[in-house]
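Chemist: Here it is, the structure in full.
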Amino acid sequence: MKVSTRSIATLGAIAAVSSLTLAGCSAGSADEDTTTDDVASAGSITVWVDADRAGVLEEVAADFTATSGVDVELVQKEFGEIRDQFVQQVPTGEGPDIAVGAHDWLGVLVTNGVVAPVELGDSAGDFEEVALDAWAYDGQTYAVPYSIENIALVRNTDLVDDVASDYDDMLAKAEAAGTEYQLLVGLDPEEADPYHLYPFQTSFGAPVFGTNADGSYNPDDLQIGNEGGIAFAEWLGEQGAAGVLNTNITGDLALENFTSGAAPYFLTGPWNVPAIEEAGISFAVDPIPSAGGQDAQPFAGVQGFFLSSESENALAANEFLVNYIGSPEVQMALYEVGGRAPALTSAFDEVVASDPVVAGFGEVGANAVPMPSIPEMGSVWQFWGVTEAAIINGGDAPALWSKMADDVQAAIE
């Protein structure tokens, strides 16, 4: 894969700067007597990558090395283990220069001091806004994003032939279809699924947190328990009583029933599209209908590659991130192996023009909000799902929701 970088001139400086081991970014104080191994390591960067993206990065790394003279060592890791291992190893000097990960790890990474801002320069305007917002913390950008994913409403076009105007219209169309289920949403018996239910919650004007002037989440402005939140909780109870939402319908059962034609609508993400296609279901990807009158905004999840705060070769690592991971060629290659919308706008537009499924999810994603990455979000997850499940299963909606908000506030404080 030949990558056309945006600032090849920078590469000429990398080898020279690398030989100095970038003392200001070193993982530890260097001995006065520099060994041969130290010099060699100064001319290299290590990247932690998961199995799905390893193949793409092998080609990219080879191209970078051929152009810059900086060796790239790829270390394959289980995606779910990267965050915790990164936090543990970076302070010891054993961690990588770069790692792949999800944006909602960012609060933990920043508060542990293990990530450094990425210098995007003029490239910042080349990415989708939601992708950059997701990887921003205290006004700094901490990764080069490469993919965006979110849920949307998948509609069986053989059962319903046009887009619903709102939630009630969706249910009416589903009723007319005469299927066993009107809407399928995979839920957990004990913890429901706040992620999938969030767009309905936002349609009642009840975000989790308010935002600062720059769009970042404000942990001191917990809004989940506002009047809109109470209205959403009451609606949630109504949907449970009507059987539209059912905590006995897990994610696997929801997929199984949709692919068997038992419902015209399935609230899900692109990860279930291959199974739907394999089942031969004719489908479209629609906006999520509003239940509360305001926009139904799902969470956006953004994956990217971030930089260690203890990198010994930060200049080379930043160059690899911005001008290689951030290039159209690599963004498209990562899309092809992952099936998620690219974060780079030019690649995103190219995919949307040729792939109606990505276009449908992308349209919904343009109105999505980044899942909060601030550490205080952990206090929300602790109480949120179990409260939703209790309400769907017949509990006192206003009382349970208010108690949840109070418990979250107390946990944050």
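We name chains A, B, ... following the order of the structure tokens; residues begin at 1 in each chain, and ligands are numbered from 1 as shown.
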With DSSP run on the backbone, what are the strand (DSSP E) residues within stretch 93-213 of chain A? I'd like them as a count of residues only.

Modeler: 28

Chemist: Looking at A:Asp407, A:Glu58, A:Asp295, A:Asp138, which one is nearest to A:Asn218, with distances taken over only C-alpha atoms?

Modeler: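 Closest residue, counting only C-alpha atoms: A:Asp138.
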
Chemist: From a DSSP pass on the backbone, collect the residues of stretch 178-292 of chain A flagged as alpha helix (DSSP H) and hand them back as JSON, numbers by chain.

Modeler: {"A": [194, 195, 196, 197, 198, 199, 200, 201, 202, 227, 228, 229, 230, 231, 232, 233, 234, 235, 236, 237, 238, 239, 240, 241, 242, 251, 252, 253, 254, 255, 256, 257, 258, 259, 273, 274, 275, 276, 277, 278]}

Chemist: Tell me which of A:Gly210, A:Ala347, A:Ala275, A:Ala314 sits closest to A:Val330, counting only C-alpha atoms.

Modeler: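 Closest candidate: A:Ala347.
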
Chemist: For A:Ile230, list every protein, DNA or RNA residue within 8 Å, evaluated using only C-alpha atoms, and leave out those in the same chain fewer than 2 positions away; present the list as an NGL selection string.

Modeler: :A and (225-228 or 232-234 or 397-398 or 401-402)
